[in-house]
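Student: Handing you this structure, nothing more for now.
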Amino acid sequence: MASVMSSPVTNTDRPRESRRKRKKKSLALSLHQTQSRADHQNQNQIMDNNRWRTAAEQQNYSSKLLQALRHVPTIPPPSAPASSSGSAPRRGRAIREAADRVLAVTAKGRTRWSRAILTNRLKLKFLKAKKPKVASPMGTSRTRKPRVSLVRLKAKNLQKKARVLGNLVPGCRKQPLPVILEEAHDYISALEMQVRAMTALAELLTVAGAVSGSLSPPP
């Protein structure tokens with residue numbers, strides 16, 4: 001009689017245990033997949049951050065930059081009229097734009113700043129009209145300024161710094177702080193590589209000009 005009474009209990013407990021085991025397995029599998037995706041994203045982020053420090057990436061950027069600089073107009077000779085005196089700043093600006101455009105092409109549009117440079121969307125800044133100050137009537141009591149807490153002041157200063165940093169990084173205006181920091185880190189690394197590549201190109205062009213000048217026949 002005892003064996004007959006115990007069998008229904010064991011039969012009802014088995015489906016519960018199997019469901020628990022399946023839940024544990026599915027939870028462990030989901031945790032493993034989440035961890036593997038996070039590791040993969042971290043690895044890709046590390047590779048993206050280190051790509052601007054490799055010699056191959058700098059060589060790739062330098063070759064593309066040299067091709068782009070060939071299309072930039074040259075500086076007129078000193079004997080040119082005075083009206084062309086402003087061509088040097090224009091050429092410097094053209095070189096800077098070409099260098100930034102090639103840098104964005106090298107980044108392959110994976111970041112916001114590279115896509116913003118490639119699309120070249122310029123937003124106009126409209127000055128907000130100042131509201132006229134209304135003169136307070138005579139004899140009214142002076143209103144006290146509301147007290148600002150230290151935490152609120154720190155948050156306001158952080159928002160101001162994030163706004164300034166977002167205006168410096170292309171395509172990061174009105175973006176949240178984590179996005180701005182990630183884009184700024186990649187953008188600064190890219191700019192450092194750009195400076196190294198342009199410095200190397202300037203040295204090579206200086207040496208090539210000196211060699212060609214020494215090989216040219218005297219007048």
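Residue numbers start at 1 in each chain; chains themselves are named A, B, ... in the order of the structure tokens; ligands are numbered from 1 in the order shown.
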Leaving out segment 58-75 of chain A and any residue of its chain fewer than 5 positions from it, which residues lie within 7 Å of it when counting only C-alpha atoms, given as a ChimeraX atom specification?
Tutor: /A:87-88,91,94-95,98-99,102-103,106,193,197
Student: Using only C-alpha atoms, which of the listed residues (A:Arg51, A:Arg152, A:Arg16, A:Arg196) sits closest to Ala107 of chain A?
Tutor: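 Under the stated criterion, the closest residue is A:Arg51.
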Student: Which residue gives the smallest distance to Gln175 of chain A among A:Trp52, A:Val207, A:Ala28, A:Gln159, with only C-alpha atoms counted?
Tutor: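 That would be A:Gln159, the residue with the smallest distance to Gln175 of chain A.
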Student: Of the candidates A:His185, A:Arg112, A:Lys25, A:Arg19, which shows the shortest atom-to-atom distance to Gly171 of chain A, using only C-alpha atoms?
Tutor: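 Using only C-alpha atoms, Gly171 of chain A sits closest to A:Arg112.
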Student: Have a look at atom CA of Val105 of chain A and atom CA of Gly209 of chain A and let me know their distance in Å, one decimal.
Tutor: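 Computing it gives 28.9 Å between the two atoms.
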Student: Work out how far atom CA of Arg53 of chain A is from atom CA of Ala202 of chain A, in Å to one decimal.
Tutor: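 Pair atom CA of Ala202 of chain A / atom CA of Arg53 of chain A returns 19.3 Å.
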